[in-house]
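Student: Okay, here's the structure, questions in a sec.
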Protein chains: 2
Amino acid sequence: MKGNTVMSSYVGPAVDAILAEAISNTIRFLSADGVQKAGSGHPGMPMGCADIATVLMTRILRIDPKDTKWFNRDRFVLSAGHGSMLLYSMLHLWGILPMEELKQFRQWGSRTPGHPEATEVPGCEATSGPLAAGFATSVGMALAERMLAERYNRPGDEVIDHFTYVIMGDGCNMEGLSQEAASLAGHLKLSKLIAIYDDNEISIEGSTDLAFTENVNARYEALNWAVQDIDGHNRDAVTDAILTAQNQTDRPSLIVAHTTIAKGAPTKAGTAASHGEPLGEEELLAAKQGLDWPSEDFYVPAEVYEYFEQRKGELIGLRKKWNSSLAALAKTDAEAAGQIKRLAARKLPDGWEDAMPTFEPDEKGLATRASGGKVMNAFGEVIDELVGGSADLAPSTKTEIKSGKWANFVAPGSYAGRNIHFGVREHAMGNIVNGLALHGLVPFGATFMVFHDYMRPAVRLAALQRCRSIFIYTHDSFYVGEDGPTHQPVEHFAALRAIPRLHLVRPCDANEVAQAWRYAIGRNNAPTALALTRQNLPTLDREKYASAEGLFKGGYILSDEPGAEILLIATGSEVHLALEVAVKLRDGGRKVRVVSMPCLELFGEQTIKYRKAVLPPSLTKRVVIEAGIRLGWGDILGRKGIFVGRDDFGNSAPQKVLVKHYGFTAEAVMEKIAKAKF
Amino acid sequence: MKGNTVMSSYVGPAVDAILAEAISNTIRFLSADGVQKAGSGHPGMPMGCADIATVLMTRILRIDPKDTKWFNRDRFVLSAGHGSMLLYSMLHLWGILPMEELKQFRQWGSRTPGHPEATEVPGCEATSGPLAAGFATSVGMALAERMLAERYNRPGDEVIDHFTYVIMGDGCNMEGLSQEAASLAGHLKLSKLIAIYDDNEISIEGSTDLAFTENVNARYEALNWAVQDIDGHNRDAVTDAILTAQNQTDRPSLIVAHTTIAKGAPTKAGTAASHGEPLGEEELLAAKQGLDWPSEDFYVPAEVYEYFEQRKGELIGLRKKWNSSLAALAKTDAEAAGQIKRLAARKLPDGWEDAMPTFEPDEKGLATRASGGKVMNAFGEVIDELVGGSADLAPSTKTEIKSGKWANFVAPGSYAGRNIHFGVREHAMGNIVNGLALHGLVPFGATFMVFHDYMRPAVRLAALQRCRSIFIYTHDSFYVGEDGPTHQPVEHFAALRAIPRLHLVRPCDANEVAQAWRYAIGRNNAPTALALTRQNLPTLDREKYASAEGLFKGGYILSDEPGAEILLIATGSEVHLALEVAVKLRDGGRKVRVVSMPCLELFGEQTIKYRKAVLPPSLTKRVVIEAGIRLGWGDILGRKGIFVGRDDFGNSAPQKVLVKHYGFTAEAVMEKIAKAKF
């Protein structure tokens with residue numbers, strides 16, 4: 001059967017020009033009024049993009065206003081997030097946001113924050129504002145669409161078949177992030193990605209000519225994008241350009257829409273003065289008069305509301321047709337249909353946790369990056385939606401899924417794989433991972449821990465918008481050795497712990513790695529970062545030591561004895577050093593407790609009772625060992641505790657040499673303890 | 001007089017082809033031997049670039065091997081820093097690094113770390129390794145050259161007149177950072193910047209075709225670069241291309257040098273296997289045999305050493321000629337010549353600190369971003385080398401120097417200004433600022449604090465290579481208000497404090513701002529970040545409170561009374577809240593000390609005696625108030641302290657509303673204190 005071929009290349013019925021103009025002005029002035037009432041915000045962008053938004057709403061976007069999470073909806077991302085009132089005006093006309101919310105723009109508790117927040121605003125696909133982030137996230141969404149389409153579509157029954165639209169501004173195009181994302185999208189031939197560039201030639205310091213004179217069109221052409229130039233206020237031109245873009249088969253599209261910022265404002269249109277502050281009552285009134293618009297605040301003509309009532313009917317019809325397609329697929333391929341429903345519900349496959357491998361005790365052991373690869377592969381066997389890749393470091397990060405379904409690399413025009421070559425593009429990788437997560441996949445992105453810095457804004461956005469993004473950071477300390485301080489993280493544990501909602505997990509052996517992956521996959525409302533070693537670590541004998549499942553408490557007692565008077569606390573590779581020290585202390589007749597603390601943040605979320613049981617306040621002789629800076633350990637160390645760490649950048653030398661110089665030997669720690677004023 | 005016009009467009013005498021080949025092979029095998037001996041490293045890049053390096057050494061680069069800091073030397077940056085042995089081999093042939101250092105590649109204490117480190121390696125211009133960072137830094141150097149040239153050159157006496165050369169790899173070109181930097185360099189028409197792109201089509205995961213199929217040449221052309229394509233193993237072609245590039249007058253140059261990675265290695269040349277590990281004894285030996293090279297390790301033919309002895313003579317001759325030019329300038333323009341000498345010596349003008357303004361007490365006060373602008377302008381009047389700009393936020397960050405010399409904006413082809421429009425390119429800005437600092441200027445770069453994340457790798461590199469870079473971060477907390485959590489830093493104080501050597505200074509009023517700027521400018525061996533507010537803050541009456549000079553201790557007692565039993569510690573805007581709370585506590589008969597702690601790291605560097613005097617261990621009733629996360633305050637809080645902060649992302653709402661919800665009012669803090677189990 002021909003299921004829903006309607007979804008490829010879609011332009012809805014034409015709208016009467018006078019009505020279309022009314023819709024544009026409605027969006028224009030709802031936006032300007034919202035900013036004016038709030039007393040702050042960005043009127044210029046939405047006024048300049050109102051005509052584009054009108055085309056998107058009336059003829060292009062296929063969403064279901066009654067179910068903003070419909071799995072096969074077109075995605076629309078406002079990368080120029082400061083123009084948030086454009087999105088909120090659209091969401092109001094679709095009946096998703098009530099008028100009262102527009103009037104509460106930028107106020108406490110509203111659904112209309114200063115920049116779009118996916119967690120707060122129904123119908124908002126991605127949190128945006130940090131420039132180019134929305135664009136890069138949309139690349140992830142467009143990639144997810146192709147990956148899922150190749151998995152689940154059957155000839156004539158394309159249940160995964162939507163476009164991803166994104167509006168970006170000059171600022172987005174200046175950020176290197178957009179270059180990374182565009183280069184990868186062009187490489188991968190993501191032809192269902194359509195970016196509309198609001199080219200208004202104004203940024204905050206003035207004309208973009210002050211700093212930005214590159215030929216953006218030619219650049220995107222060099223990146224294998226199809227580029228069109230149009231008048232962004234000519235709705236027919238916008239429609240035609242989008243239709244042309246929809247029909248591209250091997251290139252994403254950039255539609256360079258030449259617009260006038262704050263179009264309609266008599267004195268501020270085309271100037272930086274309209275970018276980031278209210279027009280002012282007088283200018284706003286004059287703008288309304290100039291466009292024959294009633295002066296009434298938040299005015300929506302009755303015929304505009306009427307039109308969208310009818311339009312919603314059309315859209316819901318498209319949605320119902322898709323429901324039938326899915327029902328048809330369920331008959332021919334119940335597994336595929338079931339998976340789609342499962343992904344839409346953000347549910348993992350039943351029993352997925354049973355796939356977790358366990359590792360036998362092994363003195364020689366293996367690097368946690370290596371056990372990480374094994375664990376990831378084991379989970380990958382049962383979780384088809386576990387997908388991802390590395391920023392050109394897969395052989396080092398060990399993050400290729402080599403067995404199970406779809407165990408290939410995604411390639412240009414061929415998306416049935418689950419491994420992605422991100423290239424040396426950490427920042428885009430981070431946002432693309434977020435986009436994959438927002439589309440329902442369980443994605444990971446890997447690089448060396450020190451290069452977290454390159455992608456930090458994306459990790460923050462993962463946390464802010466509560467994506468189940470898994471960030472894998474290998475080579476997690478000075479144990480990197482010879483590559484030297486440019487490649488040795490020291491401040492990164494602290495920096496990662498600082499990001500709210502993100503959990504940094506630094507497992508100490510293969511079995512903690514298994515639990516760490518289990519934890520990260522199961523954590524469906526926030527991102528997790530895994531810190532993994534380059535160097536080999538023993539696999540602990542869990543008959544002798546506590547179960548690695550203790551990781552789910554963030555920290556747990558690994559080794560103990562009655563009347564313990566010294567408390568050793570360590571993470572990751574340093575847990576083994578702590579155990580070595582414990583042996584020596586015990587040999588000397590001291591009683592010792594060793595705590596493995598793979599996730600400080602998670603430990604902090606446990607009950608006071610549990611935390612006190614693990615770290616009794618009376619036990620003040622504390623030694624924390626971690627191959628990084630002290631920052632963040634103060635609470636646990638107290639006034640008397642000893643910190644064994646590294647507070648300056650590292651050096652280039654073999655790890656065995658560094659270990660001695662930095663005092664990461666049992667002997668050196670023993671000496672520190674001996675000198676301690678406990 | 002015609003001083004040193006030799007410096008524009010320079011190609012040295014031709015070298016006999018057989019000798020040139022010997023030099024290439026010397027570099028090739030010194031590099032491969034170094035990696036082999038170290039047991040780790042990257043042989044492929046230096047072997048592939050040995051022919052290019054030969055041309056640079058024999059005919060292009062004008063440096064003084066006896067004085068690697070000669071102010072007018074050509075700058076050469078190895079952006080593909082993993083190829084460090086290329087640089088070290090060159091430095092050896094110039095007589096800058098002894099052979100023993102090459103044999104100690106990647107060992108403790110050597111001058112030959114795994115990646116080039118400007119602080120460790122004589123003759124190394126910039127710390128590189130994190131991809132594209134060297135390239136972006138070189139843009140800063142090329143810009144510095146033009147800025148200084150327009151200031152100090154006189155017709156016929158161009159004392160500032162050098163080229164900046166940079167070798168970049170595929171990875172550099174994949175990073176968005178290089179796009180930002182290239183876009184700005186093209187915009188500014190930095191025609192004396194010559195980038196050689198080692199296009200070997202191999203990255204770690206394999207062929208660059210896996211992820212990188214964009215048309216790099218066309219992209220750079222779109223960025224206003226002059227692009228040439230050459231065979232990177234044809235030394236004549238390399239020479240000709242560089243000469244052509246030198247003669248560009250309005251565009252930087254990209255020379256796309258097609259090379260074979262590990263050229264000469266019989267089985268590994270052209271493969272990813274040669275990228276990041278030693279060739280292996282067998283392969284290395286076969287490579288030497290294939291090129292008729294002695295098998296001896298670290299072999300340098302006598303004629304190669306002889307050639308460089310003679311070449312050094314030529315180079316020193318060039319240097320002497322420049323000395324004469326400078327002497328001539330000193331006669332016609334003593335001030336210009338004096339400034340050049342001063343900059344070369346990294347000395348600030350005498351008495352510069354006297355320019356520090358002071359501010360009268362003022363209840364209404366002003367935002368610290370605003371006082372920051374005033375202070376910066378005051379210092380700018382006496383420190384000509386204070387230059388910088390913002391990532392398209394100058395009207396908000398208040399970072400334009402509006403008076404004094406050179407108070408214009410740098411523009412394409414016109415560099416006499418001191419203000420720079422960086423565009424929305426935070427990451428490039430950071431590295432360009434570092435490049436300006438490495439060239440002897442005192443540069444600043446400004447953006448909103450939350451966007452520090454976009455430039456974090458550059459800040460790390462500033463710290464690692466000890467640049468006097470000043471990073472100005474305004475809008476430093478949730479007090480940003482309506483823009484919401486995408487624009488409100490909460491974790492950034494902690495994240496900035498985490499970077500070793502960087503000092504984060506968060507002044508509480510205009511007079512602390514003045515001291516903060518004085519501190520940052522005077523700190524010549526590390527970068528400083530200033531955290532400044534969007535909102536107004538009172539200017540404290542320093543007759544009533546302690547002098548703002550206390551900032552130089554990191555933290556100081558602002559207000560005290562004998563027998564103080566409660567210790568309030570705050571930074572920045574929260575100092576005023578602490579003072580308000582102190583009044584209420586004192587009204588209630590409590591005795592209170594208030595400490596202003598603008599720089600925790602600097603405070604940590606004070607003597608124990610001083611620290612104990614400010615924060616007596618016995619004074620355990622402590623309240624820390626800071627509009628950010630708790631991380632990093634544990635040491636000061638101790639077990640009983642109260643932290644008033646914000647541990648989750650913020651919300652979009654007016655700051656007055658947020659203040660109430662987050663408990664940043666005197667009433668809320670009083671309530672917390674009342675409930676405290678001190």
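Chain identifiers are assigned as A, B, and so on, following the order in which chains appear in the structure tokens; residues are numbered from 1 within each chain, and ligands are numbered from 1 in order of appearance.
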Contacts of Ile557 of chain B at 9 Å or less, counting only C-alpha atoms, minus same-chain residues fewer than 4 places along, as a ChimeraX atom specification?
Tutor: /B:545-546,550,593-597,614-615
Student: Skip Asp229 of chain B itself and residues of its chain fewer than 2 positions away, then list as a PDB file with N, CA, C and O atoms, in the first residue's frame all residues within 8 Å of it, counting only C-alpha atoms.
Tutor:
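Result went into selection_5.pdb, see below:
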```pdb
ATOM      1  N   VAL B 227      43.874  31.208  -2.408  1.00  0.00           N
ATOM      2  CA  VAL B 227      44.122  29.780  -2.246  1.00  0.00           C
ATOM      3  C   VAL B 227      44.971  29.255  -3.401  1.00  0.00           C
ATOM      4  O   VAL B 227      44.710  29.575  -4.565  1.00  0.00           O
ATOM      5  N   ASP B 231      51.796  20.560  -4.905  1.00  0.00           N
ATOM      6  CA  ASP B 231      52.379  19.302  -4.440  1.00  0.00           C
ATOM      7  C   ASP B 231      53.321  19.651  -3.291  1.00  0.00           C
ATOM      8  O   ASP B 231      54.340  20.314  -3.483  1.00  0.00           O
ATOM      9  N   ILE B 255      47.800  27.830   1.408  1.00  0.00           N
ATOM     10  CA  ILE B 255      48.511  26.998   0.446  1.00  0.00           C
ATOM     11  C   ILE B 255      48.129  25.549   0.756  1.00  0.00           C
ATOM     12  O   ILE B 255      48.506  25.008   1.790  1.00  0.00           O
ATOM     13  N   VAL B 256      47.338  24.981  -0.124  1.00  0.00           N
ATOM     14  CA  VAL B 256      46.903  23.605   0.084  1.00  0.00           C
ATOM     15  C   VAL B 256      47.989  22.692  -0.459  1.00  0.00           C
ATOM     16  O   VAL B 256      48.158  22.550  -1.673  1.00  0.00           O
ATOM     17  N   ALA B 257      48.748  22.147   0.453  1.00  0.00           N
ATOM     18  CA  ALA B 257      49.901  21.321   0.065  1.00  0.00           C
ATOM     19  C   ALA B 257      49.488  19.856   0.125  1.00  0.00           C
ATOM     20  O   ALA B 257      49.256  19.316   1.213  1.00  0.00           O
ATOM     21  N   HIS B 258      49.367  19.257  -1.017  1.00  0.00           N
ATOM     22  CA  HIS B 258      49.000  17.843  -1.056  1.00  0.00           C
ATOM     23  C   HIS B 258      50.225  17.026  -0.689  1.00  0.00           C
ATOM     24  O   HIS B 258      51.260  17.121  -1.354  1.00  0.00           O
TER      25      HIS B 258
END
```
Student: Using only C-alpha atoms, which of the listed residues (B:Arg425, B:Arg146, B:Lys398, B:His233) sits closest to Leu190 of chain B?
Tutor: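 Among the listed residues, B:Arg146 lies closest to Leu190 of chain B.
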Student: Taking only C-alpha atoms into account, which of A:Glu549, A:Glu381, A:Glu353, A:Asp392 comes nearest chain B?
Tutor: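 For chain B, the nearest of the candidates is A:Asp392.
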Student: Would you please give, as a ChimeraX atom specification, all residues of segment 427-618 of chain A that DSSP assigns to strand (DSSP E) based on the backbone?
Tutor: /A:442-448,470-474,503-505,528-531,536-539,556-559,566-570,592-596
